[in-house]
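K.L.:
What follows is coords-v2.pdb, made up of PDB, C-alpha atoms:
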ATOM      1  CA  MET S  48     -11.240 -14.405   3.709  1.00  0.00           C
ATOM      2  CA  PRO S  49     -13.914 -13.857   1.048  1.00  0.00           C
ATOM      3  CA  LYS S  50     -12.659 -13.300  -2.467  1.00  0.00           C
ATOM      4  CA  PHE S  51     -15.109 -10.442  -2.988  1.00  0.00           C
ATOM      5  CA  ASP S  52     -14.356  -8.771   0.335  1.00  0.00           C
ATOM      6  CA  SER S  53     -14.395  -5.264  -1.179  1.00  0.00           C
ATOM      7  CA  ILE S  54     -18.109  -5.683  -1.959  1.00  0.00           C
ATOM      8  CA  LEU S  55     -18.926  -7.234   1.403  1.00  0.00           C
ATOM      9  CA  GLN S  56     -17.159  -4.472   3.350  1.00  0.00           C
ATOM     10  CA  ASN S  57     -18.874  -1.594   1.534  1.00  0.00           C
ATOM     11  CA  GLU S  58     -22.475  -1.137   2.764  1.00  0.00           C
ATOM     12  CA  ARG S  59     -23.632   0.831  -0.293  1.00  0.00           C
ATOM     13  CA  ARG S  60     -22.050  -1.603  -2.724  1.00  0.00           C
ATOM     14  CA  LEU S  61     -23.479  -4.645  -0.914  1.00  0.00           C
ATOM     15  CA  ARG S  62     -26.958  -3.103  -0.992  1.00  0.00           C
ATOM     16  CA  ALA S  63     -26.562  -2.260  -4.691  1.00  0.00           C
ATOM     17  CA  PHE S  64     -25.459  -5.798  -5.535  1.00  0.00           C
ATOM     18  CA  THR S  65     -27.845  -7.805  -3.333  1.00  0.00           C
ATOM     19  CA  GLY S  66     -30.520  -5.505  -1.942  1.00  0.00           C
ATOM     20  CA  LEU S  67     -29.500  -6.481   1.604  1.00  0.00           C
ATOM     21  CA  ASP S  68     -27.685  -4.533   4.272  1.00  0.00           C
ATOM     22  CA  SER S  69     -24.620  -6.087   5.891  1.00  0.00           C
ATOM     23  CA  ALA S  70     -26.488  -7.031   9.094  1.00  0.00           C
ATOM     24  CA  THR S  71     -29.128  -9.005   7.190  1.00  0.00           C
ATOM     25  CA  PHE S  72     -26.474 -10.593   4.990  1.00  0.00           C
ATOM     26  CA  THR S  73     -24.369 -11.720   7.956  1.00  0.00           C
ATOM     27  CA  ASP S  74     -27.449 -12.907   9.886  1.00  0.00           C
ATOM     28  CA  PHE S  75     -28.537 -15.131   6.993  1.00  0.00           C
ATOM     29  CA  LEU S  76     -25.040 -16.404   6.132  1.00  0.00           C
ATOM     30  CA  PRO S  77     -24.901 -19.170   8.815  1.00  0.00           C
ATOM     31  CA  HIS S  78     -28.234 -20.585   7.611  1.00  0.00           C
ATOM     32  CA  PHE S  79     -27.008 -20.553   4.024  1.00  0.00           C
ATOM     33  CA  THR S  80     -23.724 -22.191   5.076  1.00  0.00           C
ATOM     34  CA  LEU S  81     -25.568 -24.940   6.969  1.00  0.00           C
ATOM     35  CA  ALA S  82     -27.840 -25.605   3.996  1.00  0.00           C
ATOM     36  CA  MET S  83     -24.786 -25.824   1.728  1.00  0.00           C
ATOM     37  CA  GLU S  84     -23.026 -28.266   4.073  1.00  0.00           C
ATOM     38  CA  ARG S  85     -26.124 -30.469   4.227  1.00  0.00           C
ATOM     39  CA  TYR S  86     -26.432 -30.444   0.447  1.00  0.00           C
ATOM     40  CA  LEU S  87     -22.763 -31.248  -0.147  1.00  0.00           C
ATOM     41  CA  GLN S  88     -22.799 -34.166   2.312  1.00  0.00           C
ATOM     42  CA  HIS S  89     -24.738 -36.274  -0.162  1.00  0.00           C
ATOM     43  CA  THR S  90     -24.407 -34.432  -3.508  1.00  0.00           C
ATOM     44  CA  THR S  91     -21.503 -33.199  -5.622  1.00  0.00           C
ATOM     45  CA  LEU S  92     -21.251 -29.682  -7.076  1.00  0.00           C
ATOM     46  CA  ASP S  93     -22.424 -31.105 -10.391  1.00  0.00           C
ATOM     47  CA  GLY S  94     -25.577 -32.558  -8.837  1.00  0.00           C
ATOM     48  CA  TYR S  95     -24.546 -36.217  -8.707  1.00  0.00           C
ATOM     49  CA  ILE S  96     -24.918 -38.464  -5.671  1.00  0.00           C
ATOM     50  CA  ARG S  97     -21.724 -38.285  -3.629  1.00  0.00           C
ATOM     51  CA  GLU S  98     -20.040 -41.683  -3.495  1.00  0.00           C
ATOM     52  CA  GLY S  99     -16.657 -40.861  -2.054  1.00  0.00           C
ATOM     53  CA  ASP S 100     -15.007 -38.405   0.256  1.00  0.00           C
ATOM     54  CA  ARG S 101     -16.541 -35.279   1.695  1.00  0.00           C
ATOM     55  CA  ALA S 102     -16.656 -32.061  -0.286  1.00  0.00           C
ATOM     56  CA  ILE S 103     -13.595 -29.829  -0.216  1.00  0.00           C
ATOM     57  CA  THR S 104     -13.091 -26.300  -1.519  1.00  0.00           C
ATOM     58  CA  TYR S 105     -10.129 -25.909  -3.824  1.00  0.00           C
ATOM     59  CA  THR S 106      -7.887 -22.868  -3.541  1.00  0.00           C
ATOM     60  CA  ASN S 107      -8.581 -21.908  -7.166  1.00  0.00           C
ATOM     61  CA  SER S 108     -12.365 -22.084  -6.726  1.00  0.00           C
ATOM     62  CA  PRO S 109     -14.139 -19.056  -8.215  1.00  0.00           C
ATOM     63  CA  LEU S 110     -16.331 -18.899  -5.082  1.00  0.00           C
ATOM     64  CA  PRO S 111     -14.150 -20.158  -2.225  1.00  0.00           C
ATOM     65  CA  THR S 112     -16.225 -19.074   0.797  1.00  0.00           C
ATOM     66  CA  PRO S 113     -19.910 -19.308   1.716  1.00  0.00           C
ATOM     67  CA  ALA S 114     -20.041 -15.492   1.789  1.00  0.00           C
ATOM     68  CA  ASP S 115     -18.843 -15.387  -1.823  1.00  0.00           C
ATOM     69  CA  ARG S 116     -21.439 -17.964  -2.816  1.00  0.00           C
ATOM     70  CA  LEU S 117     -24.281 -16.111  -1.103  1.00  0.00           C
ATOM     71  CA  LEU S 118     -23.128 -12.839  -2.666  1.00  0.00           C
ATOM     72  CA  PHE S 119     -23.003 -14.542  -6.077  1.00  0.00           C
ATOM     73  CA  ILE S 120     -26.549 -15.935  -5.987  1.00  0.00           C
ATOM     74  CA  LEU S 121     -28.151 -12.869  -4.415  1.00  0.00           C
ATOM     75  CA  THR S 122     -26.453 -10.639  -6.983  1.00  0.00           C
ATOM     76  CA  TYR S 123     -27.645 -12.928  -9.769  1.00  0.00           C
ATOM     77  CA  LEU S 124     -31.224 -12.755  -8.527  1.00  0.00           C
ATOM     78  CA  LYS S 125     -31.282  -9.003  -7.912  1.00  0.00           C
ATOM     79  CA  GLN S 126     -29.406  -7.789 -10.992  1.00  0.00           C
ATOM     80  CA  ASN S 127     -31.039 -10.238 -13.410  1.00  0.00           C
ATOM     81  CA  ALA S 128     -28.019 -10.008 -15.707  1.00  0.00           C
ATOM     82  CA  ILE S 129     -27.410 -12.567 -18.406  1.00  0.00           C
ATOM     83  CA  GLN S 130     -25.022 -15.312 -17.352  1.00  0.00           C
ATOM     84  CA  GLU S 131     -22.225 -14.034 -19.580  1.00  0.00           C
ATOM     85  CA  VAL S 132     -22.257 -10.651 -17.827  1.00  0.00           C
ATOM     86  CA  HIS S 133     -22.500 -12.279 -14.403  1.00  0.00           C
ATOM     87  CA  GLY S 134     -19.517 -14.439 -15.321  1.00  0.00           C
ATOM     88  CA  GLN S 135     -17.476 -11.358 -16.207  1.00  0.00           C
ATOM     89  CA  LEU S 136     -18.373  -9.789 -12.873  1.00  0.00           C
ATOM     90  CA  PHE S 137     -17.295 -12.864 -10.892  1.00  0.00           C
ATOM     91  CA  GLY S 138     -14.434 -13.995 -13.135  1.00  0.00           C
ATOM     92  CA  MET S 139     -15.844 -17.202 -14.579  1.00  0.00           C
ATOM     93  CA  SER S 140     -17.235 -18.599 -17.811  1.00  0.00           C
ATOM     94  CA  GLN S 141     -20.927 -18.638 -18.675  1.00  0.00           C
ATOM     95  CA  SER S 142     -21.044 -22.418 -18.296  1.00  0.00           C
ATOM     96  CA  ASN S 143     -19.622 -22.161 -14.761  1.00  0.00           C
ATOM     97  CA  VAL S 144     -22.152 -19.448 -13.925  1.00  0.00           C
ATOM     98  CA  SER S 145     -24.929 -21.768 -15.082  1.00  0.00           C
ATOM     99  CA  LYS S 146     -23.612 -24.611 -12.913  1.00  0.00           C
ATOM    100  CA  TRP S 147     -23.222 -22.416  -9.819  1.00  0.00           C
ATOM    101  CA  VAL S 148     -26.632 -20.775 -10.264  1.00  0.00           C
ATOM    102  CA  ARG S 149     -28.389 -24.141 -10.488  1.00  0.00           C
ATOM    103  CA  LEU S 150     -26.562 -25.384  -7.385  1.00  0.00           C
ATOM    104  CA  LEU S 151     -26.895 -22.220  -5.294  1.00  0.00           C
ATOM    105  CA  LEU S 152     -30.579 -21.659  -6.096  1.00  0.00           C
ATOM    106  CA  ASP S 153     -31.401 -25.055  -4.576  1.00  0.00           C
ATOM    107  CA  ILE S 154     -29.270 -24.278  -1.525  1.00  0.00           C
ATOM    108  CA  LEU S 155     -30.750 -20.786  -1.125  1.00  0.00           C
ATOM    109  CA  ASN S 156     -34.287 -22.194  -1.299  1.00  0.00           C
ATOM    110  CA  SER S 157     -33.378 -24.807   1.295  1.00  0.00           C
ATOM    111  CA  ALA S 158     -31.955 -22.136   3.615  1.00  0.00           C
ATOM    112  CA  LEU S 159     -35.051 -19.972   3.165  1.00  0.00           C
ATOM    113  CA  VAL S 160     -37.345 -22.928   3.907  1.00  0.00           C
ATOM    114  CA  SER S 161     -35.409 -23.709   7.093  1.00  0.00           C
ATOM    115  CA  GLN S 162     -36.067 -20.135   8.268  1.00  0.00           C
ATOM    116  CA  SER S 163     -39.703 -20.122   7.046  1.00  0.00           C
ATOM    117  CA  LEU S 164     -38.836 -17.252   4.709  1.00  0.00           C
ATOM    118  CA  LEU S 165     -39.692 -18.813   1.365  1.00  0.00           C
ATOM    119  CA  PRO S 166     -42.591 -16.946  -0.250  1.00  0.00           C
ATOM    120  CA  ALA S 167     -45.846 -18.747  -0.950  1.00  0.00           C
ATOM    121  CA  ARG S 168     -46.100 -20.150  -4.481  1.00  0.00           C
ATOM    122  CA  THR S 169     -49.833 -20.909  -4.520  1.00  0.00           C
ATOM    123  CA  ALA S 170     -52.978 -19.397  -3.059  1.00  0.00           C
ATOM    124  CA  ALA S 171     -53.349 -22.380  -0.715  1.00  0.00           C
ATOM    125  CA  GLU S 172     -49.812 -21.892   0.623  1.00  0.00           C
ATOM    126  CA  LEU S 173     -50.485 -18.181   1.132  1.00  0.00           C
ATOM    127  CA  ALA S 174     -53.716 -18.925   3.010  1.00  0.00           C
ATOM    128  CA  SER S 175     -51.963 -21.382   5.323  1.00  0.00           C
ATOM    129  CA  GLN S 176     -49.131 -18.898   5.968  1.00  0.00           C
ATOM    130  CA  LEU S 177     -51.607 -16.161   6.777  1.00  0.00           C
ATOM    131  CA  GLN S 178     -53.525 -18.439   9.152  1.00  0.00           C
ATOM    132  CA  ALA S 179     -50.290 -19.360  10.897  1.00  0.00           C
ATOM    133  CA  GLU S 180     -49.434 -15.699  11.354  1.00  0.00           C
ATOM    134  CA  THR S 181     -52.742 -14.602  12.829  1.00  0.00           C
ATOM    135  CA  MET S 182     -52.158 -11.539  14.906  1.00  0.00           C
ATOM    136  CA  PRO S 183     -54.317 -10.949  17.973  1.00  0.00           C
ATOM    137  CA  PHE S 184     -56.896  -8.219  17.480  1.00  0.00           C
ATOM    138  CA  ASP S 185     -56.384  -5.222  19.737  1.00  0.00           C
ATOM    139  CA  PRO S 186     -59.464  -2.967  19.817  1.00  0.00           C
ATOM    140  CA  GLU S 187     -57.391  -0.156  21.357  1.00  0.00           C
ATOM    141  CA  ALA S 188     -54.882  -0.113  18.506  1.00  0.00           C
ATOM    142  CA  PRO S 189     -55.212   2.636  15.913  1.00  0.00           C
ATOM    143  CA  PRO S 190     -56.639   1.573  12.560  1.00  0.00           C
ATOM    144  CA  PHE S 191     -54.210   0.485   9.861  1.00  0.00           C
ATOM    145  CA  PHE S 192     -55.656   3.064   7.478  1.00  0.00           C
ATOM    146  CA  ALA S 193     -56.720   6.345   9.028  1.00  0.00           C
ATOM    147  CA  ARG S 194     -58.986   8.898   7.459  1.00  0.00           C
ATOM    148  CA  MET S 195     -58.610  12.591   8.031  1.00  0.00           C
ATOM    149  CA  ALA S 196     -61.619  14.659   8.947  1.00  0.00           C
ATOM    150  CA  PRO S 197     -62.996  16.571   5.964  1.00  0.00           C
ATOM    151  CA  ASN S 198     -62.005  20.212   5.889  1.00  0.00           C
ATOM    152  CA  ASP S 199     -64.422  23.057   5.226  1.00  0.00           C
ATOM    153  CA  ARG S 200     -63.154  23.964   1.775  1.00  0.00           C
TER     154      ARG S 200
END
Once you've parsed the file, please lay out its structure as structure tokens.

P.N.:
Amino acid sequence: MPKFDSILQNERRLRAFTGLDSATFTDFLPHFTLAMERYLQHTTLDGYIREGDRAITYTNSPLPTPADRLLFILTYLKQNAIQEVHGQLFGMSQSNVSKWVRLLLDILNSALVSQSLLPARTAAELASQLQAETMPFDPEAPPFFARMAPNDR
């Protein structure tokens, strides 16, 4: 059960914290979880190459579930609070917030890339994305911008 279940169960609160509705949040959660599992197979939470056993989540972890982790990073990005304030909100120190943000930003970017949802960073990337998304032209479709006929006044 997520530690921050009260936020995840309240649609208005979830939207205020993350900017997402619960359907979008739950649809993206499996992709985020998969990206986190892939990352933790070969890297530790501190960013070192994993040499031993697989990653485990401790019971006293400040972010025990993938839903908590996704809520944490999306809230950090939307609210743009300083790390000390974010730590107070999630019950951890500023140094732990810094560690989790660094880790979860990489995982979030990986999950977004796997879904082709990462925004373009350069003009060349934007051009290639736009070419890939070419929509067929329908001459019968109404124009995107419509003009009203001038009135007699």

K.L.:
Run the PyMOL selection byres ((chain S and resi 151-163) around 7) mentally over the shown coordinates, then write out the matched residues as an MDAnalysis selection string, using the chain letters and numbers from the document.

P.N.:
chainID S and resid 78:79 82:83 120 147:150 164:165

K.L.:
Kindly indicate which residue among S:Leu110, S:Leu87, S:Tyr95, S:Leu121 lies nearest to Leu61 (chain S), using all atoms listed in the file for the distances.

P.N.:
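Looking at the shortest contact to Leu61 (chain S), the residue is S:Leu121.
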
K.L.:
Record the distance separating CA of Gly66 (chain S) and CA of Gln126 (chain S), expressed in Å with one decimal.

P.N.:
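Value for the CA of Gly66 (chain S)-CA of Gln126 (chain S) distance: 9.4 Å.
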
K.L.:
Name the closest residue to Ser69 (chain S) among the candidates S:Leu124, S:Met139, S:Leu118, S:Ala174; distances are taken between atoms, counting all atoms listed in the file.

P.N.:
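Counting all atoms listed in the file, the residue closest to Ser69 (chain S) is S:Leu118.
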
K.L.:
Pick the closest to Thr80 (chain S) from S:Leu177, S:Ala114, S:Val132, S:Ala167: which is it, counting only C-alpha atoms?

P.N.:
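Of all the options, S:Ala114 lies closest to Thr80 (chain S).
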
K.L.:
Smallest atom-to-atom distance to Ile54 (chain S): which of S:Ser145, S:Glu98, S:Ile129, S:Phe137, using all atoms listed in the file?

P.N.:
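Once distances to Ile54 (chain S) are computed over all atoms listed in the file, the minimum belongs to S:Phe137.
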
K.L.:
I want to know what sits within 12 Å of Asp100 (chain S), based on all atoms listed in the file, with residues of the same chain fewer than 4 positions away left out; could you give that as a VMD selection string?

P.N.:
chain S and resid 87 to 91 96

K.L.:
Mind pulling up the distance from CA of Pro109 (chain S) to CA of Leu67 (chain S)?

P.N.:
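For CA of Leu67 (chain S) relative to CA of Pro109 (chain S), the distance reads 22.1 Å.
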
K.L.:
For CA of Asn127 (chain S) and CA of Ala70 (chain S), determine how far apart the two atoms are, in Å to one decimal place.

P.N.:
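Distance reported for this atom pair: 23.2 Å.
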
K.L.:
Could you check which of S:Thr71, S:Gln141, S:Ser175, S:Thr169 is closest to Ala128 (chain S), using all atoms listed in the file?

P.N.:
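Of S:Thr71, S:Gln141, S:Ser175, S:Thr169, the one nearest Ala128 (chain S), counting all atoms listed in the file, is S:Gln141.
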
K.L.:
Of the candidates S:Phe51, S:Phe72, S:Tyr86, S:Phe119, which one gets nearest to His133 (chain S) if we count all atoms listed in the file?

P.N.:
S:Phe119

K.L.:
Give me region 58-92 of chain S with N, CA and C atoms filled in, as an mmCIF file, keeping the file's coordinate frame.

P.N.:
data_model
loop_
_atom_site.group_PDB
_atom_site.id
_atom_site.type_symbol
_atom_site.label_atom_id
_atom_site.label_comp_id
_atom_site.auth_asym_id
_atom_site.auth_seq_id
_atom_site.Cartn_x
_atom_site.Cartn_y
_atom_site.Cartn_z
ATOM 1 N N GLU S 58 -21.015 -1.036 2.547
ATOM 2 C CA GLU S 58 -22.475 -1.137 2.764
ATOM 3 C C GLU S 58 -23.267 -0.730 1.522
ATOM 4 N N ARG S 59 -22.903 0.367 0.892
ATOM 5 C CA ARG S 59 -23.632 0.831 -0.293
ATOM 6 C C ARG S 59 -23.489 -0.153 -1.445
ATOM 7 N N ARG S 60 -22.288 -0.662 -1.628
ATOM 8 C CA ARG S 60 -22.050 -1.603 -2.724
ATOM 9 C C ARG S 60 -22.784 -2.919 -2.484
ATOM 10 N N LEU S 61 -22.769 -3.403 -1.240
ATOM 11 C CA LEU S 61 -23.479 -4.645 -0.914
ATOM 12 C C LEU S 61 -24.976 -4.478 -1.163
ATOM 13 N N ARG S 62 -25.541 -3.351 -0.759
ATOM 14 C CA ARG S 62 -26.958 -3.103 -0.992
ATOM 15 C C ARG S 62 -27.257 -2.998 -2.480
ATOM 16 N N ALA S 63 -26.364 -2.380 -3.247
ATOM 17 C CA ALA S 63 -26.562 -2.260 -4.691
ATOM 18 C C ALA S 63 -26.502 -3.622 -5.376
ATOM 19 N N PHE S 64 -25.608 -4.482 -4.915
ATOM 20 C CA PHE S 64 -25.459 -5.798 -5.535
ATOM 21 C C PHE S 64 -26.582 -6.753 -5.129
ATOM 22 N N THR S 65 -26.944 -6.759 -3.840
ATOM 23 C CA THR S 65 -27.845 -7.805 -3.333
ATOM 24 C C THR S 65 -29.193 -7.300 -2.844
ATOM 25 N N GLY S 66 -29.286 -6.028 -2.519
ATOM 26 C CA GLY S 66 -30.520 -5.505 -1.942
ATOM 27 C C GLY S 66 -30.580 -5.684 -0.436
ATOM 28 N N LEU S 67 -29.534 -6.243 0.158
ATOM 29 C CA LEU S 67 -29.500 -6.481 1.604
ATOM 30 C C LEU S 67 -28.471 -5.581 2.263
ATOM 31 N N ASP S 68 -28.718 -5.234 3.512
ATOM 32 C CA ASP S 68 -27.685 -4.533 4.272
ATOM 33 C C ASP S 68 -26.750 -5.579 4.875
ATOM 34 N N SER S 69 -25.630 -5.135 5.407
ATOM 35 C CA SER S 69 -24.620 -6.087 5.891
ATOM 36 C C SER S 69 -25.125 -6.889 7.089
ATOM 37 N N ALA S 70 -25.966 -6.300 7.935
ATOM 38 C CA ALA S 70 -26.488 -7.031 9.094
ATOM 39 C C ALA S 70 -27.381 -8.194 8.647
ATOM 40 N N THR S 71 -28.255 -7.941 7.695
ATOM 41 C CA THR S 71 -29.128 -9.005 7.190
ATOM 42 C C THR S 71 -28.316 -10.075 6.484
ATOM 43 N N PHE S 72 -27.329 -9.646 5.702
ATOM 44 C CA PHE S 72 -26.474 -10.593 4.990
ATOM 45 C C PHE S 72 -25.744 -11.495 5.974
ATOM 46 N N THR S 73 -25.122 -10.913 6.996
ATOM 47 C CA THR S 73 -24.369 -11.720 7.956
ATOM 48 C C THR S 73 -25.280 -12.550 8.849
ATOM 49 N N ASP S 74 -26.504 -12.100 9.103
ATOM 50 C CA ASP S 74 -27.449 -12.907 9.886
ATOM 51 C C ASP S 74 -27.902 -14.141 9.116
ATOM 52 N N PHE S 75 -28.060 -14.000 7.797
ATOM 53 C CA PHE S 75 -28.537 -15.131 6.993
ATOM 54 C C PHE S 75 -27.413 -16.075 6.591
ATOM 55 N N LEU S 76 -26.175 -15.599 6.593
ATOM 56 C CA LEU S 76 -25.040 -16.404 6.132
ATOM 57 C C LEU S 76 -24.895 -17.746 6.849
ATOM 58 N N PRO S 77 -25.027 -17.851 8.183
ATOM 59 C CA PRO S 77 -24.901 -19.170 8.815
ATOM 60 C C PRO S 77 -25.972 -20.175 8.356
ATOM 61 N N HIS S 78 -27.173 -19.697 8.089
ATOM 62 C CA HIS S 78 -28.234 -20.585 7.611
ATOM 63 C C HIS S 78 -27.927 -21.074 6.202
ATOM 64 N N PHE S 79 -27.404 -20.182 5.380
ATOM 65 C CA PHE S 79 -27.008 -20.553 4.024
ATOM 66 C C PHE S 79 -25.849 -21.549 4.064
ATOM 67 N N THR S 80 -24.881 -21.302 4.942
ATOM 68 C CA THR S 80 -23.724 -22.191 5.076
ATOM 69 C C THR S 80 -24.159 -23.585 5.522
ATOM 70 N N LEU S 81 -25.060 -23.651 6.492
ATOM 71 C CA LEU S 81 -25.568 -24.940 6.969
ATOM 72 C C LEU S 81 -26.305 -25.689 5.863
ATOM 73 N N ALA S 82 -27.123 -24.971 5.106
ATOM 74 C CA ALA S 82 -27.840 -25.605 3.996
ATOM 75 C C ALA S 82 -26.864 -26.122 2.948
ATOM 76 N N MET S 83 -25.785 -25.382 2.697
ATOM 77 C CA MET S 83 -24.786 -25.824 1.728
ATOM 78 C C MET S 83 -24.057 -27.076 2.235
ATOM 79 N N GLU S 84 -23.702 -27.094 3.511
ATOM 80 C CA GLU S 84 -23.026 -28.266 4.073
ATOM 81 C C GLU S 84 -23.914 -29.501 3.995
ATOM 82 N N ARG S 85 -25.182 -29.338 4.320
ATOM 83 C CA ARG S 85 -26.124 -30.469 4.227
ATOM 84 C C ARG S 85 -26.221 -30.980 2.798
ATOM 85 N N TYR S 86 -26.309 -30.060 1.851
ATOM 86 C CA TYR S 86 -26.432 -30.444 0.447
ATOM 87 C C TYR S 86 -25.191 -31.193 -0.015
ATOM 88 N N LEU S 87 -24.006 -30.663 0.337
ATOM 89 C CA LEU S 87 -22.763 -31.248 -0.147
ATOM 90 C C LEU S 87 -22.384 -32.540 0.566
ATOM 91 N N GLN S 88 -23.066 -32.886 1.653
ATOM 92 C CA GLN S 88 -22.799 -34.166 2.312
ATOM 93 C C GLN S 88 -23.204 -35.339 1.435
ATOM 94 N N HIS S 89 -24.258 -35.150 0.638
ATOM 95 C CA HIS S 89 -24.738 -36.274 -0.162
ATOM 96 C C HIS S 89 -24.758 -36.002 -1.664
ATOM 97 N N THR S 90 -24.364 -34.793 -2.095
ATOM 98 C CA THR S 90 -24.407 -34.432 -3.508
ATOM 99 C C THR S 90 -23.132 -33.691 -3.896
ATOM 100 N N THR S 91 -22.669 -33.913 -5.122
ATOM 101 C CA THR S 91 -21.503 -33.199 -5.622
ATOM 102 C C THR S 91 -21.921 -31.836 -6.168
ATOM 103 N N LEU S 92 -20.947 -30.995 -6.495
ATOM 104 C CA LEU S 92 -21.251 -29.682 -7.076
ATOM 105 C C LEU S 92 -21.971 -29.796 -8.409
#
